[in-house]
Amino acid sequence: MTAAPPRRIVVVGASAAGLSAAEALRRQGYDGSLTLVGREPHPPYDRPPLSKQILDGSWEPERVRLRRPDDLEALGLDLRLGVPAAALAPAARTVTLADSTELGYDGLIIATGVRPRRLPGCGTPGVHVLRDLEDALALRERLAAGGRLVVLGAGFLGAEVASAARSLGAAVTLVEPSPVPLAHAVGQQVGAHLARLHREHGVDLRTGTKATGITTEAGRATGVRLDDGTTVAADDVLVAIGSQPNTDWLHGSGLAVGDGVECDRYSAAAPGIYAAGDVARWHNPLFGTTMRVEHRTNAAEQGMTAARNLLDPQRARPFAPVPYFWSDQYGLRIQAFGHLRGHDEARVVEGDPADGRFLVAYRKGDRLTGALGVGMPPRALRPWRAAIAAAADWRTARAGSPDGATEPTRA
């Protein structure tokens, strides 16, 4: 006996994944009640530009809106913006909001995203995080006046902020605990190239050290103490040390929650409950492992998959994407496909890091699992993406292109 189709669906999270799910539900013919809950008061907007075009002033806030007001209206949504979800009761099939409103549902999609990890002192004036539009605008206002910025964390977010701040004339110190930025994710050679890029653009990059405290005067941040005994003076400090999934509201719900909402290959967390986007940890059958991906493309794709599988679980499709991400730093585009973390080997297969244009392939076991291009045109990565999706053997793919060419150099 098949379950009755849902007539009340609640999507918790009104960013890229949640909006994608809502749109996919309507495209699939769902005409029942559809509630979209968002923590922020803004209609759905795009987050990647916050550390790029919004921060450097080349875009105004209106440009990050994901849809026009009339497009949102056409979806027939019960929009609940500016009030987060506070609790979930799967047995009763209710979501309770922070204002005590109870929303009943037959189907639920969790897309609550992540929040920045914080350090002691994050509430001090002059100490920033960057996750939402208000964060970006507040930091932009400070950077527009020049000054000294210390960025804690040289991951992609910290690197993009350093790039934007330098373009505005700010003096930037970038602090990273690892010896080489992002080496754990993209490999030593790519990390070393990104480190050179920062230094070539005037960033004071401090590696192998971390912050032990934030100095203040008259209630405002004045610098950062490092564990090497030095203090870096600052007018503003950005804490960019990673993020954590927004799952606190699910405690006590009975859902499995670890590093995100734990899902199966279909993005299902429980019968009638799915998760999508940054908050979802699911089993990706293409790579045979669980993963949680904090990238814009994955959020939209997983939102669509969760919607389809919720409406028709009998014909559910595994969510088995080739993850994609990009980063813009100092006018250079970095793009990557696949699952790069935990790789066993990384090799330069095209170009030369010395020239600033190159492509790296990644191996896990005997499989090609990823490819990353720095300063390369998109067409250079397309065959690599196809090879990753086909679970290509490394021995074939490593020879310079997925079809074979010259032996690459080790990265």
# chains A, B, ... in the order shown; residues from 1 in each chain; ligands from 1
>>> residues_around(residues="A:Ala89", least_positions_apart="6", cutoff="9 Å", atoms="only C-alpha atoms", output="ChimeraX atom specification")
/A:95-96,250,252-254
>>> residues_around(residues="A:Ser327", least_positions_apart="2", cutoff="10 Å", atoms="only C-alpha atoms", output="PyMOL selection string")
chain A and resi 48+51-52+156-157+159-160+325+329+331-336+374
>>> residues_around(residues="A:Ala21", least_positions_apart="5", cutoff="6 Å", atoms="only C-alpha atoms", output="list in words")
Gly303, Met304 and Ala307 of chain A
>>> write_last_selection(atoms="N, CA, C and O atoms", output="PDB file, in the first residue's frame")
ATOM      1  N   GLY A 303      18.280  20.398  -3.322  1.00  0.00           N
ATOM      2  CA  GLY A 303      16.922  20.840  -3.077  1.00  0.00           C
ATOM      3  C   GLY A 303      15.942  20.252  -4.072  1.00  0.00           C
ATOM      4  O   GLY A 303      14.844  19.809  -3.704  1.00  0.00           O
ATOM      5  N   MET A 304      16.326  20.211  -5.346  1.00  0.00           N
ATOM      6  CA  MET A 304      15.466  19.628  -6.372  1.00  0.00           C
ATOM      7  C   MET A 304      15.278  18.129  -6.157  1.00  0.00           C
ATOM      8  O   MET A 304      14.162  17.609  -6.275  1.00  0.00           O
ATOM      9  N   ALA A 307      12.947  17.397  -3.239  1.00  0.00           N
ATOM     10  CA  ALA A 307      11.551  17.654  -3.600  1.00  0.00           C
ATOM     11  C   ALA A 307      10.961  16.500  -4.411  1.00  0.00           C
ATOM     12  O   ALA A 307       9.856  16.018  -4.125  1.00  0.00           O
TER      13      ALA A 307
END
>>> closest_residue(among="A:Val151, A:Val161, A:Ala171, A:Cys263", to="A:Thr289", atoms="only C-alpha atoms")
A:Cys263
>>> closest_residue(among="A:Arg142, A:His193, A:Arg67, A:His201", to="A:Arg166", atoms="only C-alpha atoms")
A:His201
>>> residues_around(residues="A:Gly155", least_positions_apart="5", cutoff="8 Å", atoms="only C-alpha atoms", output="PDB file with all heavy atoms, in the first residue's frame")
ATOM      1  N   PRO A 181      47.976  27.038   3.317  1.00  0.00           N
ATOM      2  CA  PRO A 181      46.521  27.214   3.278  1.00  0.00           C
ATOM      3  C   PRO A 181      45.841  26.174   2.392  1.00  0.00           C
ATOM      4  O   PRO A 181      46.296  25.885   1.274  1.00  0.00           O
ATOM      5  CB  PRO A 181      46.350  28.617   2.680  1.00  0.00           C
ATOM      6  CG  PRO A 181      47.631  29.312   2.957  1.00  0.00           C
ATOM      7  CD  PRO A 181      48.693  28.250   2.900  1.00  0.00           C
ATOM      8  N   LEU A 182      44.767  25.590   2.902  1.00  0.00           N
ATOM      9  CA  LEU A 182      43.893  24.694   2.154  1.00  0.00           C
ATOM     10  C   LEU A 182      44.560  23.421   1.642  1.00  0.00           C
ATOM     11  O   LEU A 182      43.985  22.695   0.829  1.00  0.00           O
ATOM     12  CB  LEU A 182      43.255  25.437   0.959  1.00  0.00           C
ATOM     13  CG  LEU A 182      42.142  26.410   1.321  1.00  0.00           C
ATOM     14  CD1 LEU A 182      41.811  27.318   0.147  1.00  0.00           C
ATOM     15  CD2 LEU A 182      40.891  25.657   1.765  1.00  0.00           C
ATOM     16  N   ALA A 240      36.935  33.739  10.275  1.00  0.00           N
ATOM     17  CA  ALA A 240      36.520  32.868   9.167  1.00  0.00           C
ATOM     18  C   ALA A 240      37.125  31.489   9.377  1.00  0.00           C
ATOM     19  O   ALA A 240      37.930  31.012   8.574  1.00  0.00           O
ATOM     20  CB  ALA A 240      36.943  33.466   7.832  1.00  0.00           C
ATOM     21  N   ILE A 241      36.752  30.857  10.477  1.00  0.00           N
ATOM     22  CA  ILE A 241      37.373  29.595  10.885  1.00  0.00           C
ATOM     23  C   ILE A 241      36.452  28.405  10.645  1.00  0.00           C
ATOM     24  O   ILE A 241      36.580  27.362  11.275  1.00  0.00           O
ATOM     25  CB  ILE A 241      37.792  29.650  12.366  1.00  0.00           C
ATOM     26  CG1 ILE A 241      36.597  29.981  13.263  1.00  0.00           C
ATOM     27  CG2 ILE A 241      38.895  30.683  12.566  1.00  0.00           C
ATOM     28  CD1 ILE A 241      36.889  29.866  14.761  1.00  0.00           C
ATOM     29  N   GLY A 242      35.551  28.540   9.707  1.00  0.00           N
ATOM     30  CA  GLY A 242      34.656  27.444   9.369  1.00  0.00           C
ATOM     31  C   GLY A 242      33.242  27.681   9.850  1.00  0.00           C
ATOM     32  O   GLY A 242      32.889  28.752  10.346  1.00  0.00           O
TER      33      GLY A 242
END
>>> residues_around(residues="A:Trp282", least_positions_apart="5", cutoff="12 Å", atoms="only C-alpha atoms", output="MDAnalysis selection string")
chainID A and resid 256:269 274:277 287:293 298 302 306 318:321
>>> select_by_dssp(residues="stretch 60-306 of chain A", states="alpha helix (DSSP H)", output="PyMOL selection string")
chain A and resi 69-74+133-143+156-167+183-186+188-200+296-306
>>> residues_around(residues="A:Ala145", least_positions_apart="3", cutoff="9 Å", atoms="only C-alpha atoms", output="MDAnalysis selection string")
chainID A and resid 140:142 168:170
>>> residues_around(residues="A:Leu88", least_positions_apart="4", cutoff="12 Å", atoms="only C-alpha atoms", output="PyMOL selection string")
chain A and resi 10+12+84+92-98+100-105+108-110+247-255+273
>>> write_last_selection(atoms="N, CA, C and O atoms", output="mmCIF file, in the first residue's frame")
data_model
loop_
_atom_site.group_PDB
_atom_site.id
_atom_site.type_symbol
_atom_site.label_atom_id
_atom_site.label_comp_id
_atom_site.auth_asym_id
_atom_site.auth_seq_id
_atom_site.Cartn_x
_atom_site.Cartn_y
_atom_site.Cartn_z
ATOM 1 N N VAL A 10 6.212 21.582 4.379
ATOM 2 C CA VAL A 10 6.942 22.683 4.988
ATOM 3 C C VAL A 10 8.402 22.562 4.589
ATOM 4 O O VAL A 10 9.006 21.484 4.714
ATOM 5 N N VAL A 12 11.924 24.232 5.610
ATOM 6 C CA VAL A 12 12.543 25.079 6.632
ATOM 7 C C VAL A 12 13.920 25.490 6.127
ATOM 8 O O VAL A 12 14.827 24.674 6.004
ATOM 9 N N PRO A 84 12.871 31.904 12.907
ATOM 10 C CA PRO A 84 13.470 30.585 12.685
ATOM 11 C C PRO A 84 12.626 29.465 13.261
ATOM 12 O O PRO A 84 11.762 29.681 14.117
ATOM 13 N N ALA A 92 4.187 13.980 15.844
ATOM 14 C CA ALA A 92 3.013 14.842 15.669
ATOM 15 C C ALA A 92 2.997 15.524 14.310
ATOM 16 O O ALA A 92 2.010 16.153 13.944
ATOM 17 N N ARG A 93 4.100 15.401 13.589
ATOM 18 C CA ARG A 93 4.272 16.073 12.295
ATOM 19 C C ARG A 93 4.038 17.570 12.408
ATOM 20 O O ARG A 93 3.216 18.168 11.702
ATOM 21 N N THR A 94 4.807 18.172 13.315
ATOM 22 C CA THR A 94 4.724 19.618 13.486
ATOM 23 C C THR A 94 6.120 20.218 13.575
ATOM 24 O O THR A 94 7.048 19.612 14.109
ATOM 25 N N VAL A 95 6.226 21.432 13.051
ATOM 26 C CA VAL A 95 7.399 22.285 13.231
ATOM 27 C C VAL A 95 6.947 23.473 14.071
ATOM 28 O O VAL A 95 5.955 24.138 13.732
ATOM 29 N N THR A 96 7.659 23.734 15.157
ATOM 30 C CA THR A 96 7.346 24.884 15.997
ATOM 31 C C THR A 96 8.347 25.991 15.708
ATOM 32 O O THR A 96 9.563 25.755 15.702
ATOM 33 N N LEU A 97 7.844 27.191 15.463
ATOM 34 C CA LEU A 97 8.693 28.334 15.173
ATOM 35 C C LEU A 97 9.059 29.064 16.463
ATOM 36 O O LEU A 97 8.463 28.829 17.521
ATOM 37 N N ALA A 98 10.017 29.963 16.359
ATOM 38 C CA ALA A 98 10.488 30.691 17.536
ATOM 39 C C ALA A 98 9.406 31.567 18.149
ATOM 40 O O ALA A 98 9.501 31.926 19.326
ATOM 41 N N SER A 100 6.424 30.530 18.624
ATOM 42 C CA SER A 100 5.490 29.529 19.165
ATOM 43 C C SER A 100 4.432 29.069 18.172
ATOM 44 O O SER A 100 3.572 28.246 18.518
ATOM 45 N N THR A 101 4.474 29.556 16.931
ATOM 46 C CA THR A 101 3.562 29.070 15.905
ATOM 47 C C THR A 101 3.868 27.604 15.609
ATOM 48 O O THR A 101 5.035 27.221 15.479
ATOM 49 N N GLU A 102 2.833 26.776 15.491
ATOM 50 C CA GLU A 102 3.001 25.375 15.111
ATOM 51 C C GLU A 102 2.529 25.183 13.681
ATOM 52 O O GLU A 102 1.421 25.586 13.314
ATOM 53 N N LEU A 103 3.379 24.571 12.871
ATOM 54 C CA LEU A 103 3.062 24.283 11.476
ATOM 55 C C LEU A 103 2.942 22.779 11.306
ATOM 56 O O LEU A 103 3.900 22.037 11.553
ATOM 57 N N GLY A 104 1.775 22.308 10.901
ATOM 58 C CA GLY A 104 1.610 20.898 10.606
ATOM 59 C C GLY A 104 2.114 20.585 9.206
ATOM 60 O O GLY A 104 2.092 21.436 8.314
ATOM 61 N N TYR A 105 2.560 19.354 9.023
ATOM 62 C CA TYR A 105 3.068 18.976 7.702
ATOM 63 C C TYR A 105 2.799 17.499 7.430
ATOM 64 O O TYR A 105 2.660 16.678 8.342
ATOM 65 N N LEU A 108 8.322 17.202 4.881
ATOM 66 C CA LEU A 108 9.209 18.242 5.407
ATOM 67 C C LEU A 108 10.558 18.183 4.695
ATOM 68 O O LEU A 108 11.114 17.100 4.504
ATOM 69 N N ILE A 109 11.070 19.353 4.322
ATOM 70 C CA ILE A 109 12.421 19.463 3.777
ATOM 71 C C ILE A 109 13.203 20.427 4.663
ATOM 72 O O ILE A 109 12.794 21.570 4.870
ATOM 73 N N ILE A 110 14.307 19.940 5.204
ATOM 74 C CA ILE A 110 15.159 20.730 6.095
ATOM 75 C C ILE A 110 16.297 21.321 5.277
ATOM 76 O O ILE A 110 17.081 20.589 4.674
ATOM 77 N N THR A 247 21.529 22.766 13.290
ATOM 78 C CA THR A 247 20.722 21.609 13.677
ATOM 79 C C THR A 247 20.258 21.672 15.126
ATOM 80 O O THR A 247 19.601 20.739 15.600
ATOM 81 N N ASP A 248 20.572 22.751 15.839
ATOM 82 C CA ASP A 248 20.193 22.827 17.249
ATOM 83 C C ASP A 248 18.692 22.653 17.441
ATOM 84 O O ASP A 248 18.245 22.052 18.430
ATOM 85 N N TRP A 249 17.912 23.173 16.519
ATOM 86 C CA TRP A 249 16.460 23.105 16.659
ATOM 87 C C TRP A 249 15.925 21.679 16.512
ATOM 88 O O TRP A 249 14.769 21.403 16.852
ATOM 89 N N LEU A 250 16.775 20.765 16.057
ATOM 90 C CA LEU A 250 16.363 19.375 15.861
ATOM 91 C C LEU A 250 16.678 18.477 17.051
ATOM 92 O O LEU A 250 16.313 17.304 17.050
ATOM 93 N N HIS A 251 17.377 19.007 18.051
ATOM 94 C CA HIS A 251 17.694 18.205 19.223
ATOM 95 C C HIS A 251 16.404 17.760 19.915
ATOM 96 O O HIS A 251 15.493 18.559 20.142
ATOM 97 N N GLY A 252 16.332 16.488 20.220
ATOM 98 C CA GLY A 252 15.129 15.946 20.826
ATOM 99 C C GLY A 252 14.092 15.471 19.821
ATOM 100 O O GLY A 252 13.065 14.925 20.214
ATOM 101 N N SER A 253 14.368 15.659 18.538
ATOM 102 C CA SER A 253 13.409 15.258 17.507
ATOM 103 C C SER A 253 13.486 13.772 17.179
ATOM 104 O O SER A 253 12.554 13.219 16.569
ATOM 105 N N GLY A 254 14.607 13.156 17.528
ATOM 106 C CA GLY A 254 14.816 11.760 17.156
ATOM 107 C C GLY A 254 15.549 11.584 15.852
ATOM 108 O O GLY A 254 15.970 10.468 15.515
ATOM 109 N N LEU A 255 15.739 12.671 15.077
ATOM 110 C CA LEU A 255 16.537 12.566 13.855
ATOM 111 C C LEU A 255 18.008 12.383 14.211
ATOM 112 O O LEU A 255 18.486 12.896 15.230
ATOM 113 N N ILE A 273 10.669 13.005 5.608
ATOM 114 C CA ILE A 273 11.556 14.107 5.981
ATOM 115 C C ILE A 273 12.851 13.997 5.184
ATOM 116 O O ILE A 273 13.534 12.960 5.224
#
>>> atom_distance(atom1="atom CA of A:Leu368", atom2="atom CA of A:Ala380")
16.0 Å
>>> atom_distance(atom1="atom CA of A:Val239", atom2="atom CA of A:Leu19")
28.1 Å
>>> closest_residue(among="A:Thr215, A:Leu66, A:Pro44, A:Ala74", to="A:Asp31", atoms="only C-alpha atoms")
A:Ala74
>>> closest_atom_pairs(of="stretch 71-120 of chain A", to="stretch 127-136 of chain A", cutoff="9 Å", atoms="only C-alpha atoms", output="tab-separated table")
residue	atom	partner	partner_atom	distance
A:Val114	CA	A:Arg131	CA	8.6
A:Arg115	CA	A:Arg131	CA	6.8
A:Pro116	CA	A:Val129	CA	6.6
A:Arg117	CA	A:Val129	CA	8.5
A:Arg118	CA	A:Val129	CA	7.8
>>> select_by_dssp(residues="stretch 298-358 of chain A", states="strand (DSSP E or B)", output="PDB file with N, CA and C atoms, in the first residue's frame")
ATOM      1  N   TYR A 324      30.592  20.662  -7.283  1.00  0.00           N
ATOM      2  CA  TYR A 324      31.295  21.729  -8.001  1.00  0.00           C
ATOM      3  C   TYR A 324      31.406  22.946  -7.101  1.00  0.00           C
ATOM      4  N   PHE A 325      32.563  23.583  -7.112  1.00  0.00           N
ATOM      5  CA  PHE A 325      32.675  24.866  -6.425  1.00  0.00           C
ATOM      6  C   PHE A 325      33.611  25.777  -7.196  1.00  0.00           C
ATOM      7  N   TRP A 326      33.484  27.060  -6.909  1.00  0.00           N
ATOM      8  CA  TRP A 326      34.375  28.045  -7.522  1.00  0.00           C
ATOM      9  C   TRP A 326      34.724  29.103  -6.496  1.00  0.00           C
ATOM     10  N   SER A 327      35.816  29.796  -6.747  1.00  0.00           N
ATOM     11  CA  SER A 327      36.232  30.902  -5.893  1.00  0.00           C
ATOM     12  C   SER A 327      36.914  31.938  -6.764  1.00  0.00           C
ATOM     13  N   ASP A 328      36.661  33.213  -6.472  1.00  0.00           N
ATOM     14  CA  ASP A 328      37.320  34.313  -7.179  1.00  0.00           C
ATOM     15  C   ASP A 328      38.255  35.017  -6.216  1.00  0.00           C
ATOM     16  N   GLN A 329      39.541  35.046  -6.570  1.00  0.00           N
ATOM     17  CA  GLN A 329      40.541  35.708  -5.737  1.00  0.00           C
ATOM     18  C   GLN A 329      41.499  36.499  -6.618  1.00  0.00           C
ATOM     19  N   LEU A 332      41.295  36.092 -10.262  1.00  0.00           N
ATOM     20  CA  LEU A 332      41.573  34.745 -10.760  1.00  0.00           C
ATOM     21  C   LEU A 332      40.422  33.819 -10.374  1.00  0.00           C
ATOM     22  N   ARG A 333      39.954  33.023 -11.321  1.00  0.00           N
ATOM     23  CA  ARG A 333      38.878  32.072 -11.062  1.00  0.00           C
ATOM     24  C   ARG A 333      39.472  30.693 -10.745  1.00  0.00           C
ATOM     25  N   ILE A 334      39.049  30.137  -9.615  1.00  0.00           N
ATOM     26  CA  ILE A 334      39.418  28.779  -9.214  1.00  0.00           C
ATOM     27  C   ILE A 334      38.153  27.940  -9.283  1.00  0.00           C
ATOM     28  N   GLN A 335      38.206  26.812  -9.993  1.00  0.00           N
ATOM     29  CA  GLN A 335      37.045  25.940 -10.151  1.00  0.00           C
ATOM     30  C   GLN A 335      37.444  24.508  -9.855  1.00  0.00           C
ATOM     31  N   ALA A 336      36.528  23.755  -9.276  1.00  0.00           N
ATOM     32  CA  ALA A 336      36.839  22.359  -8.975  1.00  0.00           C
ATOM     33  C   ALA A 336      35.594  21.496  -9.101  1.00  0.00           C
ATOM     34  N   PHE A 337      35.793  20.268  -9.559  1.00  0.00           N
ATOM     35  CA  PHE A 337      34.759  19.249  -9.616  1.00  0.00           C
ATOM     36  C   PHE A 337      35.203  18.044  -8.800  1.00  0.00           C
ATOM     37  N   GLY A 338      34.239  17.393  -8.164  1.00  0.00           N
ATOM     38  CA  GLY A 338      34.520  16.131  -7.513  1.00  0.00           C
ATOM     39  C   GLY A 338      34.682  16.228  -6.020  1.00  0.00           C
ATOM     40  N   GLU A 345      46.473  11.352  -3.838  1.00  0.00           N
ATOM     41  CA  GLU A 345      47.466  11.928  -4.750  1.00  0.00           C
ATOM     42  C   GLU A 345      46.845  13.074  -5.520  1.00  0.00           C
ATOM     43  N   ALA A 346      47.657  14.094  -5.805  1.00  0.00           N
ATOM     44  CA  ALA A 346      47.234  15.212  -6.654  1.00  0.00           C
ATOM     45  C   ALA A 346      48.344  15.482  -7.654  1.00  0.00           C
ATOM     46  N   ARG A 347      47.968  15.614  -8.913  1.00  0.00           N
ATOM     47  CA  ARG A 347      48.982  15.826  -9.957  1.00  0.00           C
ATOM     48  C   ARG A 347      48.590  16.955 -10.897  1.00  0.00           C
ATOM     49  N   VAL A 348      49.554  17.767 -11.263  1.00  0.00           N
ATOM     50  CA  VAL A 348      49.348  18.776 -12.299  1.00  0.00           C
ATOM     51  C   VAL A 348      49.303  18.055 -13.642  1.00  0.00           C
ATOM     52  N   VAL A 349      48.199  18.218 -14.360  1.00  0.00           N
ATOM     53  CA  VAL A 349      48.026  17.518 -15.630  1.00  0.00           C
ATOM     54  C   VAL A 349      47.967  18.464 -16.823  1.00  0.00           C
ATOM     55  N   GLU A 350      47.911  19.757 -16.549  1.00  0.00           N
ATOM     56  CA  GLU A 350      47.904  20.743 -17.636  1.00  0.00           C
ATOM     57  C   GLU A 350      48.389  22.074 -17.090  1.00  0.00           C
ATOM     58  N   GLY A 351      49.159  22.807 -17.880  1.00  0.00           N
ATOM     59  CA  GLY A 351      49.657  24.104 -17.459  1.00  0.00           C
ATOM     60  C   GLY A 351      50.777  23.987 -16.452  1.00  0.00           C
ATOM     61  N   ASP A 352      51.073  25.119 -15.802  1.00  0.00           N
ATOM     62  CA  ASP A 352      52.201  25.186 -14.885  1.00  0.00           C
ATOM     63  C   ASP A 352      51.880  26.194 -13.785  1.00  0.00           C
ATOM     64  N   ARG A 357      48.431  29.359 -14.402  1.00  0.00           N
ATOM     65  CA  ARG A 357      47.327  28.670 -15.083  1.00  0.00           C
ATOM     66  C   ARG A 357      47.643  27.188 -15.092  1.00  0.00           C
ATOM     67  N   PHE A 358      46.838  26.397 -14.396  1.00  0.00           N
ATOM     68  CA  PHE A 358      47.133  24.964 -14.360  1.00  0.00           C
ATOM     69  C   PHE A 358      45.915  24.185 -13.913  1.00  0.00           C
TER      70      PHE A 358
END
